[in-house]
$ cat structure_15.cif   # mmCIF, C-alpha atoms and all ligand atoms
data_my_file
#
loop_
_atom_site.label_atom_id
_atom_site.label_comp_id
_atom_site.auth_asym_id
_atom_site.auth_seq_id
_atom_site.Cartn_x
_atom_site.Cartn_y
_atom_site.Cartn_z
CA THR A 838 -0.57 185.50 180.46
CA ARG A 839 -1.85 181.95 181.04
CA SER A 840 -0.91 180.22 177.79
CA LYS A 841 -3.26 177.68 176.23
CA LEU A 842 -0.29 176.07 174.45
CA PRO A 843 2.61 176.62 176.86
CA ASP A 844 4.99 174.21 175.12
CA VAL A 845 4.32 175.47 171.59
CA GLY A 846 6.76 177.93 170.04
CA THR A 847 6.83 179.53 166.61
CA THR A 848 6.23 177.01 163.82
CA ILE A 849 9.40 175.46 162.36
CA PHE A 850 8.56 176.80 158.87
CA THR A 851 8.78 180.38 160.13
CA VAL A 852 11.87 179.76 162.27
CA ILE A 853 13.83 178.12 159.45
CA GLY A 854 12.49 180.58 156.87
CA GLN A 855 13.89 183.48 158.90
CA LEU A 856 17.23 181.80 159.55
CA SER A 857 17.47 180.92 155.88
CA ALA A 858 16.79 184.53 154.84
CA GLU A 859 19.33 185.91 157.34
CA HIS A 860 22.02 183.71 155.83
CA ASN A 861 20.81 184.17 152.29
CA ALA A 862 20.60 180.39 152.02
CA ILE A 863 19.19 178.31 149.18
CA ASN A 864 15.80 177.43 150.55
CA LEU A 865 14.78 173.77 150.32
CA SER A 866 12.80 174.03 153.55
CA GLN A 867 9.19 175.12 153.13
CA GLY A 868 6.90 173.18 150.82
CA ALA A 869 6.26 176.27 148.74
CA PRO A 870 7.06 176.62 145.02
CA ASN A 871 9.53 179.41 144.12
CA PHE A 872 8.41 179.46 140.49
CA PRO A 873 5.47 181.41 139.03
CA CYS A 874 1.93 180.14 138.60
CA ASP A 875 0.08 180.09 135.28
CA PRO A 876 -0.33 183.76 134.17
CA GLN A 877 -3.90 182.87 133.15
CA LEU A 878 -4.70 182.36 136.80
CA VAL A 879 -3.42 185.82 137.69
CA ALA A 880 -5.39 187.25 134.77
CA GLY A 881 -8.46 185.45 136.12
CA VAL A 882 -8.11 187.10 139.53
CA THR A 883 -7.50 190.49 137.93
CA ARG A 884 -10.54 190.10 135.70
CA ALA A 885 -12.71 189.07 138.66
CA MET A 886 -11.58 192.18 140.56
CA GLN A 887 -12.21 194.42 137.53
CA GLU A 888 -15.65 192.89 137.13
CA ASN A 889 -16.23 193.94 140.72
CA HIS A 890 -16.40 190.51 142.31
CA ASN A 891 -14.91 192.10 145.39
CA GLN A 892 -17.52 191.47 148.06
CA TYR A 893 -18.24 188.43 150.23
CA ALA A 894 -18.60 185.16 148.42
CA PRO A 895 -21.41 182.86 149.55
CA MET A 896 -20.57 181.41 152.97
CA THR A 897 -19.73 177.90 151.71
CA GLY A 898 -18.12 179.13 148.48
CA LEU A 899 -18.84 180.09 144.90
CA ARG A 900 -21.29 177.63 143.38
CA SER A 901 -19.44 177.32 140.05
CA LEU A 902 -16.23 176.41 141.88
CA LYS A 903 -17.96 173.86 144.11
CA GLU A 904 -19.48 172.31 140.97
CA ARG A 905 -16.04 171.88 139.42
CA ILE A 906 -14.66 170.31 142.59
CA ALA A 907 -17.54 167.85 142.89
CA GLN A 908 -17.14 166.97 139.21
CA LYS A 909 -13.39 166.41 139.57
CA ILE A 910 -13.87 164.13 142.57
CA ALA A 911 -16.59 162.18 140.75
CA ASP A 912 -14.34 161.77 137.69
CA LEU A 913 -11.18 160.80 139.58
CA TYR A 914 -12.48 158.92 142.59
CA HIS A 915 -16.10 157.99 141.69
CA THR A 916 -17.64 159.45 144.83
CA HIS A 917 -20.43 162.02 144.56
CA TYR A 918 -20.70 165.03 146.85
CA ASP A 919 -23.75 167.26 146.95
CA ILE A 920 -22.77 170.77 145.86
CA ASP A 921 -25.09 172.52 148.30
CA SER A 922 -24.43 170.56 151.45
CA GLU A 923 -21.14 168.66 151.13
CA VAL A 924 -18.52 170.98 149.60
CA LEU A 925 -16.91 173.93 151.42
CA ILE A 926 -14.36 176.44 150.11
CA THR A 927 -11.97 177.40 152.90
CA ALA A 928 -9.37 180.11 153.35
CA SER A 929 -6.50 177.58 153.09
CA ALA A 930 -6.37 173.88 153.83
CA SER A 931 -5.08 174.87 157.29
CA GLN A 932 -8.40 176.58 157.98
CA GLY A 933 -10.25 173.51 156.73
CA LEU A 934 -8.32 171.35 159.20
CA TYR A 935 -9.03 173.79 162.01
CA SER A 936 -12.73 174.08 161.25
CA ALA A 937 -13.16 170.32 160.94
CA ILE A 938 -11.42 169.56 164.23
CA SER A 939 -13.09 172.43 166.04
CA GLY A 940 -16.54 171.55 164.70
CA LEU A 941 -16.37 167.82 165.37
CA VAL A 942 -14.13 167.19 168.40
CA HIS A 943 -15.50 167.67 171.94
CA PRO A 944 -13.60 168.32 175.19
CA GLY A 945 -12.40 165.00 176.60
CA ASP A 946 -12.38 163.26 173.21
CA GLU A 947 -9.29 161.48 171.93
CA VAL A 948 -7.92 162.07 168.44
CA ILE A 949 -5.44 159.59 166.97
CA TYR A 950 -2.84 160.89 164.53
CA PHE A 951 0.50 159.73 163.19
CA GLU A 952 3.97 161.13 163.81
CA PRO A 953 6.01 162.49 162.21
CA SER A 954 3.13 164.82 161.38
CA PHE A 955 2.41 168.27 160.06
CA ASP A 956 2.77 170.52 163.06
CA SER A 957 -0.76 171.92 163.33
CA TYR A 958 -2.83 168.80 164.07
CA ALA A 959 -2.00 168.20 167.73
CA PRO A 960 -2.20 171.86 168.87
CA ILE A 961 -5.62 172.27 167.20
CA VAL A 962 -6.87 169.15 169.00
CA ARG A 963 -5.57 170.45 172.32
CA LEU A 964 -7.30 173.81 171.81
CA GLN A 965 -10.61 171.89 171.82
CA GLY A 966 -9.84 170.45 175.27
CA ALA A 967 -9.33 167.06 173.62
CA THR A 968 -6.34 164.73 173.79
CA PRO A 969 -4.13 164.04 170.76
CA ILE A 970 -2.89 160.43 170.73
CA ALA A 971 0.29 160.16 168.63
CA ILE A 972 1.16 156.86 167.00
CA LYS A 973 4.60 156.68 165.46
CA LEU A 974 4.96 155.58 161.86
CA THR A 975 7.53 152.84 161.42
CA VAL A 976 11.05 153.97 160.44
CA PRO A 977 12.43 154.04 157.77
CA ASP A 978 9.38 153.20 155.63
CA PHE A 979 6.93 155.48 157.48
CA ALA A 980 4.07 152.99 157.29
CA VAL A 981 1.14 152.72 159.70
CA ASN A 982 1.18 149.75 162.06
CA TRP A 983 -2.58 149.12 162.12
CA ASN A 984 -2.31 146.80 165.14
CA GLU A 985 -1.07 149.77 167.12
CA VAL A 986 -4.00 151.83 165.91
CA GLN A 987 -6.42 149.12 166.94
CA ALA A 988 -4.85 149.03 170.40
CA ALA A 989 -5.09 152.83 170.71
CA ILE A 990 -8.81 153.05 169.94
CA THR A 991 -10.96 153.61 173.05
CA PRO A 992 -14.61 154.59 173.60
CA ARG A 993 -13.34 158.19 173.69
CA THR A 994 -11.78 158.06 170.22
CA ARG A 995 -13.65 160.63 168.13
CA MET A 996 -11.35 161.14 165.18
CA ILE A 997 -8.37 159.65 163.33
CA ILE A 998 -6.28 162.12 161.32
CA VAL A 999 -4.52 160.70 158.28
CA ASN A 1000 -2.36 162.36 155.63
CA THR A 1001 -1.59 160.85 152.24
CA PRO A 1002 0.69 161.62 150.41
CA HIS A 1003 2.48 162.21 153.66
CA ASN A 1004 4.26 165.36 154.75
CA PRO A 1005 7.13 165.05 155.73
CA SER A 1006 8.05 161.51 154.61
CA GLY A 1007 6.64 161.38 151.07
CA GLN A 1008 4.99 158.03 151.77
CA VAL A 1009 1.50 157.18 150.48
CA PHE A 1010 -1.34 154.93 151.60
CA SER A 1011 -2.00 151.71 149.72
CA ARG A 1012 -5.40 150.20 149.09
CA ALA A 1013 -4.60 147.79 151.94
CA ASP A 1014 -4.13 150.75 154.32
CA LEU A 1015 -7.60 151.98 153.41
CA ASP A 1016 -9.08 148.53 154.03
CA HIS A 1017 -7.43 148.36 157.47
CA LEU A 1018 -8.76 151.81 158.36
CA ALA A 1019 -12.24 150.86 157.18
CA ALA A 1020 -12.19 147.63 159.19
CA LEU A 1021 -11.07 149.44 162.37
CA THR A 1022 -13.73 152.13 162.14
CA ARG A 1023 -16.66 149.98 160.98
CA ASN A 1024 -19.61 150.23 163.40
CA THR A 1025 -18.01 153.08 165.35
CA ASP A 1026 -18.76 156.81 165.22
CA ILE A 1027 -15.10 157.67 164.59
CA VAL A 1028 -14.63 160.39 161.98
CA ILE A 1029 -11.63 160.31 159.63
CA LEU A 1030 -10.00 163.67 158.91
CA SER A 1031 -7.90 163.18 155.81
CA ASP A 1032 -5.31 165.75 154.79
CA GLU A 1033 -4.92 165.15 151.05
CA VAL A 1034 -3.35 168.43 149.96
CA TYR A 1035 -0.79 166.48 147.85
CA GLU A 1036 -3.47 164.28 146.23
CA HIS A 1037 -2.26 165.19 142.73
CA VAL A 1038 1.42 164.63 143.49
CA VAL A 1039 1.77 160.84 143.48
CA PHE A 1040 4.70 159.33 141.61
CA ASP A 1041 5.64 156.35 139.46
CA GLY A 1042 2.23 155.95 137.85
CA GLU A 1043 0.51 154.99 141.11
CA PRO A 1044 -3.05 156.16 141.79
CA HIS A 1045 -3.89 158.31 144.81
CA HIS A 1046 -5.57 156.14 147.44
CA GLY A 1047 -7.63 158.87 149.09
CA MET A 1048 -10.69 158.42 151.28
CA ALA A 1049 -13.03 159.28 148.39
CA THR A 1050 -11.83 156.17 146.52
CA HIS A 1051 -13.24 153.94 149.27
CA PRO A 1052 -17.05 154.26 149.71
CA GLN A 1053 -17.01 152.91 153.26
CA LEU A 1054 -14.40 155.47 154.31
CA ALA A 1055 -15.92 158.33 152.33
CA GLU A 1056 -19.06 157.92 154.47
CA ARG A 1057 -17.18 158.96 157.60
CA SER A 1058 -14.44 161.19 156.18
CA VAL A 1059 -13.72 164.87 155.97
CA ILE A 1060 -11.26 165.32 153.10
CA VAL A 1061 -9.17 168.48 153.04
CA SER A 1062 -7.40 169.73 149.92
CA SER A 1063 -5.58 172.81 148.69
CA PHE A 1064 -5.53 175.04 145.61
CA GLY A 1065 -2.18 176.44 146.73
CA LYS A 1066 -0.38 173.12 146.24
CA THR A 1067 -2.11 172.28 142.97
CA TYR A 1068 -1.74 175.67 141.26
CA HIS A 1069 1.59 176.88 142.75
CA VAL A 1070 -0.09 179.66 144.75
CA THR A 1071 0.40 178.75 148.41
CA GLY A 1072 0.16 182.44 149.33
CA TRP A 1073 -3.40 182.80 148.07
CA ARG A 1074 -4.70 180.74 150.98
CA VAL A 1075 -7.60 178.95 149.33
CA GLY A 1076 -8.49 175.32 149.92
CA TYR A 1077 -11.59 173.20 150.24
CA CYS A 1078 -13.05 170.28 152.07
CA VAL A 1079 -15.72 167.73 151.31
CA ALA A 1080 -17.67 165.59 153.78
CA PRO A 1081 -21.07 163.94 154.18
CA ALA A 1082 -23.73 166.58 154.93
CA GLU A 1083 -24.15 165.60 158.56
CA LEU A 1084 -20.45 166.29 159.26
CA MET A 1085 -20.28 169.30 156.95
CA ASP A 1086 -23.12 171.02 158.84
CA GLU A 1087 -21.00 171.10 161.98
CA ILE A 1088 -17.87 172.22 160.13
CA CYS A 1089 -19.81 175.10 158.54
CA LYS A 1090 -20.96 176.30 161.95
CA VAL A 1091 -17.31 177.00 162.77
CA HIS A 1092 -16.32 178.17 159.29
CA GLN A 1093 -19.04 180.86 159.20
CA PHE A 1094 -17.70 182.51 162.36
CA LEU A 1095 -14.01 181.94 161.69
CA MET A 1096 -13.95 183.17 158.06
CA PHE A 1097 -17.52 183.57 156.93
CA SER A 1098 -16.24 183.00 153.38
CA ALA A 1099 -13.00 182.64 151.38
CA ASP A 1100 -11.58 185.24 148.95
CA THR A 1101 -14.02 186.00 146.15
CA PRO A 1102 -11.74 186.92 143.19
CA MET A 1103 -9.56 183.85 143.75
CA GLN A 1104 -12.62 181.62 143.71
CA TYR A 1105 -13.69 183.03 140.33
CA ALA A 1106 -10.19 182.45 138.96
CA PHE A 1107 -9.98 178.83 140.22
CA ALA A 1108 -13.44 178.05 138.83
CA GLU A 1109 -12.22 179.23 135.42
CA GLN A 1110 -8.88 177.41 135.69
CA MET A 1111 -10.51 174.14 136.73
CA ARG A 1112 -12.16 173.87 133.32
CA ASP A 1113 -8.89 172.32 132.18
CA PRO A 1114 -8.17 169.00 133.94
CA GLN A 1115 -4.54 169.16 132.77
CA GLY A 1116 -3.99 171.54 135.68
CA TRP A 1117 -4.03 168.56 138.07
CA LEU A 1118 -3.40 165.70 135.67
CA MET A 1119 0.10 166.95 134.79
CA LEU A 1120 1.13 167.62 138.36
CA SER A 1121 2.49 164.17 139.20
CA SER A 1122 4.87 164.08 136.24
CA PHE A 1123 5.81 167.73 136.82
CA TYR A 1124 6.92 167.04 140.39
CA GLN A 1125 8.30 163.59 139.62
CA ARG A 1126 10.84 165.26 137.32
CA LYS A 1127 11.88 167.50 140.20
CA ARG A 1128 12.14 164.58 142.62
CA ASP A 1129 14.21 162.61 140.12
CA LEU A 1130 16.48 165.56 139.40
CA LEU A 1131 17.21 166.12 143.09
CA GLN A 1132 17.81 162.38 143.62
CA THR A 1133 20.24 162.29 140.69
CA LEU A 1134 22.08 165.42 141.83
CA LEU A 1135 22.49 164.01 145.34
CA ALA A 1136 23.55 160.52 144.28
CA ASP A 1137 27.19 161.26 145.13
CA SER A 1138 26.44 163.34 148.22
CA PRO A 1139 27.17 162.01 151.71
CA PHE A 1140 23.40 161.86 152.37
CA ARG A 1141 21.40 158.69 151.88
CA LEU A 1142 18.01 159.55 150.42
CA LEU A 1143 14.87 157.70 151.45
CA PRO A 1144 12.40 156.95 148.65
CA SER A 1145 9.56 159.44 148.10
CA ALA A 1146 6.30 158.17 146.58
CA GLY A 1147 4.45 161.50 146.62
CA SER A 1148 4.27 165.08 148.03
CA PHE A 1149 6.89 167.84 147.64
CA PHE A 1150 9.36 166.16 149.99
CA LEU A 1151 12.02 163.58 150.49
CA LEU A 1152 14.03 162.67 153.57
CA ALA A 1153 17.80 162.53 153.72
CA ASP A 1154 19.72 160.41 156.26
CA TYR A 1155 23.07 161.71 157.49
CA SER A 1156 23.77 159.11 160.17
CA ALA A 1157 26.64 157.65 158.12
CA PHE A 1158 28.81 160.74 158.57
CA SER A 1159 27.56 162.60 161.64
CA ASP A 1160 25.93 161.96 164.99
CA GLU A 1161 24.92 165.55 165.67
CA SER A 1162 21.20 166.15 166.28
CA ASP A 1163 19.04 166.94 163.28
CA SER A 1164 18.51 170.51 164.55
CA GLU A 1165 22.26 171.02 164.83
CA MET A 1166 22.71 169.57 161.37
CA VAL A 1167 20.07 171.88 159.88
CA LYS A 1168 21.62 174.91 161.56
CA ARG A 1169 25.07 173.99 160.31
CA LEU A 1170 23.75 173.43 156.77
CA ILE A 1171 22.30 176.94 156.78
CA THR A 1172 25.21 178.77 158.39
CA GLU A 1173 28.16 176.89 156.85
CA TYR A 1174 26.81 175.59 153.55
CA GLY A 1175 24.05 178.08 152.76
CA VAL A 1176 21.24 175.58 152.27
CA ALA A 1177 18.02 175.41 154.33
CA THR A 1178 16.12 172.20 155.16
CA ILE A 1179 13.79 171.10 157.97
CA PRO A 1180 14.82 168.77 160.83
CA LEU A 1181 12.47 165.79 161.06
CA SER A 1182 12.34 166.10 164.86
CA ALA A 1183 10.12 169.18 164.39
CA PHE A 1184 7.36 166.81 163.26
CA TYR A 1185 7.41 164.82 166.53
CA THR A 1186 5.92 166.15 169.78
CA ASP A 1187 8.60 164.28 171.74
CA GLY A 1188 11.40 165.56 169.50
CA THR A 1189 12.41 162.10 168.22
CA ASP A 1190 15.68 162.45 166.32
CA ASN A 1191 16.17 159.91 163.53
CA LYS A 1192 19.09 161.78 161.92
CA LEU A 1193 16.85 162.76 159.04
CA ILE A 1194 16.25 166.10 157.35
CA ARG A 1195 13.40 167.01 155.01
CA LEU A 1196 14.16 168.47 151.59
CA SER A 1197 11.49 170.23 149.52
CA PHE A 1198 11.87 169.79 145.77
CA ALA A 1199 9.02 172.21 144.95
CA LYS A 1200 11.68 174.52 143.53
CA ASP A 1201 12.90 175.63 140.11
CA GLU A 1202 15.75 173.73 138.50
CA ALA A 1203 18.42 176.35 139.29
CA THR A 1204 17.53 176.23 142.99
CA LEU A 1205 17.56 172.44 143.06
CA ARG A 1206 20.98 172.40 141.36
CA ALA A 1207 22.45 175.04 143.68
CA GLY A 1208 20.98 173.35 146.76
CA ALA A 1209 22.27 169.94 145.73
CA GLN A 1210 25.72 171.35 144.99
CA ALA A 1211 25.88 172.74 148.53
CA LEU A 1212 24.68 169.45 150.03
CA CYS A 1213 27.33 167.51 148.07
CA ARG A 1214 30.06 169.50 149.84
CA VAL A 1215 28.84 168.65 153.34
CA LYS A 1216 31.25 166.83 155.63
N1 LIG B 1301 3.03 172.66 154.10
C1 LIG B 1301 4.26 173.38 153.99
C2 LIG B 1301 5.42 172.59 154.53
O1 LIG B 1301 5.25 171.58 155.17
C3 LIG B 1301 4.26 174.70 154.70
C4 LIG B 1301 3.17 174.94 155.65
C5 LIG B 1301 3.38 176.16 156.51
O2 LIG B 1301 4.35 176.89 156.38
N2 LIG B 1301 2.48 176.37 157.39
O3 LIG B 1301 6.52 172.98 154.30
#
$ encode --input "structure_15.cif" --output "structure tokens" --more "lines below"
Ligand code: GLN
Amino acid sequence: TRSKLPDVGTTIFTVIGQLSAEHNAINLSQGAPNFPCDPQLVAGVTRAMQENHNQYAPMTGLRSLKERIAQKIADLYHTHYDIDSEVLITASASQGLYSAISGLVHPGDEVIYFEPSFDSYAPIVRLQGATPIAIKLTVPDFAVNWNEVQAAITPRTRMIIVNTPHNPSGQVFSRADLDHLAALTRNTDIVILSDEVYEHVVFDGEPHHGMATHPQLAERSVIVSSFGKTYHVTGWRVGYCVAPAELMDEICKVHQFLMFSADTPMQYAFAEQMRDPQGWLMLSSFYQRKRDLLQTLLADSPFRLLPSAGSFFLLADYSAFSDESDSEMVKRLITEYGVATIPLSAFYTDGTDNKLIRLSFAKDEATLRAGAQALCRVK
């Protein structure tokens, strides 16, 4: 058949997940917790099912859940979203990204994004008949060079996709980054699509500099977030996005035909769970302990760790002891040492190899200890 994405294979997360399972490896690859969620949340879903909330939810989501989301954003970031026209519950953050790009990007448009990047952005843009324009983040600090962004903007630029905290590098935007982005997009009709699924996982007491914290950016931004990352339930596939009504209208036109609505019992359970702000307020310290533990355990390993300021991830540099490609390194780590990670080259469309691998520390302590022990033996 005539492929629409001839150069795209199976996503790296599936490929490594399978290889990892075949070799019974300790899995530090996918950004998915291996520990249980709050039993209250499971009880909430069960209760919703027993109370027969088993039919379609409203197209844009359960009102009580949208209220909680709007309230949280107002409390944390001081931006107000209208519950009826500016909040959408999606079947995963991935679906939110897809619906936003599909609803807003026209054939022939250009969409700027930054590499290394989560692997779905560019293919979704291409499926719209639009052109993804990759700008490389600087290595090794993975910062945006805003001069390069300015140079890349053309009359065809429709969207800029940003992601903070950043998967896979663990870097975060500063207030200065937001100001640069605002200055570059002022008086244009460029839309910002902001992937903020790790918004509650920012370390060392720093605030999250998301688009909703910056009124000028909020005006032109679609912000995508995830319940899976916040409540340790990545398999439930529920996320949400917020955007000014004019943008949200177009996103909903796609959402209604792609999903119609997200899972009803889960929405009831999240609405209940969101009554307690500790659910997100404790997340930074919870994951910071895991980051710190993995850093400590790997201090004497042959890998040199790059700093991580947020997300579930940190990058490890092996250039001091090997010049094999990152894919070869990852394969060898799985087959010879029984530990699975992700090669950074998978996050570049041109396969750039910086001799870096991504480690996920969204794992229980025993897994982090076993994984680190294996990595310490590597030669
Ligand atoms: N976001 C997760 C990661 O980067 C997994 C996403 C996926 O498997 N599609 O590991």
$ closest_residue --input "structure_15.cif" --among "A:Pro944, A:Pro1144, A:Pro1139, A:Gly898" --to "Cys1089 (chain A)" --atoms "all atoms listed in the file"
A:Gly898
$ closest_residue --input "structure_15.cif" --among "A:Ala930, A:Leu842, A:Val1091, A:Ile938" --to "ligand LIG 1301 (chain B)" --atoms "all atoms listed in the file"
A:Ala930
$ atom_distance --input "structure_15.cif" --atom1 "CA of Leu1030 (chain A)" --atom2 "CA of Lys841 (chain A)"
23.3 Å
$ closest_residue --input "structure_15.cif" --among "A:Ile910, A:Ala1136, A:Leu878, A:Leu1015" --to "Thr1001 (chain A)" --atoms "all atoms listed in the file"
A:Leu1015
$ residues_around --input "structure_15.cif" --residues "region 1159-1170 of chain A" --least-positions-apart "6" --cutoff "6 Å" --atoms "all atoms listed in the file" --output "list in words"
Val1176, Pro1180 and Lys1192 of chain A
$ write_last_selection --input "structure_15.cif" --atoms "C-alpha atoms" --output "short mmCIF file (atom, residue, chain, number, x, y, z; two decimals), keeping the file's coordinate frame"
data_model
loop_
_atom_site.label_atom_id
_atom_site.label_comp_id
_atom_site.auth_asym_id
_atom_site.auth_seq_id
_atom_site.Cartn_x
_atom_site.Cartn_y
_atom_site.Cartn_z
CA VAL A 1176 21.24 175.58 152.27
CA PRO A 1180 14.82 168.77 160.83
CA LYS A 1192 19.09 161.78 161.92
#
$ axis_aligned_box --input "structure_15.cif" --around "ligand LIG 1301 (chain B)" --padding-each-side "8 Å" --output "lines of an AutoDock Vina configuration file"
center_x = 4.5
center_y = 174.2
center_z = 155.7
size_x = 20.0
size_y = 21.3
size_z = 19.4
$ closest_residue --input "structure_15.cif" --among "A:Glu1033, A:Glu859, A:Asp1201, A:Asp978" --to "ligand LIG 1301 (chain B)" --atoms "all atoms listed in the file"
A:Glu1033
$ closest_residue --input "structure_15.cif" --among "A:Pro992, A:Gly1116, A:Gly1188, A:Gly1007" --to "Lys1066 (chain A)" --atoms "all atoms listed in the file"
A:Gly1116
$ atom_distance --input "structure_15.cif" --atom1 "CA of Phe1040 (chain A)" --atom2 "CA of Tyr1124 (chain A)"
8.1 Å
$ closest_atom_pairs --input "structure_15.cif" --of "chain A" --to "ligand LIG 1301 (chain B)" --cutoff "8 Å" --atoms "all atoms listed in the file" --output "Markdown table"
| residue | atom | partner | partner_atom | distance |
| --- | --- | --- | --- | --- |
| A:Thr848 | CA | B:LIG1301 | N2 | 7.5 |
| A:Ile849 | CA | B:LIG1301 | O2 | 8.0 |
| A:Phe850 | CA | B:LIG1301 | O2 | 4.9 |
| A:Thr851 | CA | B:LIG1301 | O2 | 6.8 |
| A:Ser866 | CA | B:LIG1301 | O3 | 6.4 |
| A:Gln867 | CA | B:LIG1301 | O3 | 3.6 |
| A:Gly868 | CA | B:LIG1301 | O3 | 3.5 |
| A:Ala869 | CA | B:LIG1301 | C1 | 6.3 |
| A:Ser931 | CA | B:LIG1301 | N2 | 7.7 |
| A:Phe955 | CA | B:LIG1301 | O1 | 6.6 |
| A:Asn1004 | CA | B:LIG1301 | O1 | 6.3 |
| A:Pro1005 | CA | B:LIG1301 | O1 | 6.8 |
| A:Ser1197 | CA | B:LIG1301 | O3 | 7.4 |
$ closest_residue --input "structure_15.cif" --among "A:Cys1213, A:Ile1029, A:Leu1205, A:Ile1194" --to "Leu1130 (chain A)" --atoms "all atoms listed in the file"
A:Leu1205
$ atom_distance --input "structure_15.cif" --atom1 "CA of Leu1212 (chain A)" --atom2 "CA of Ala1199 (chain A)"
16.7 Å
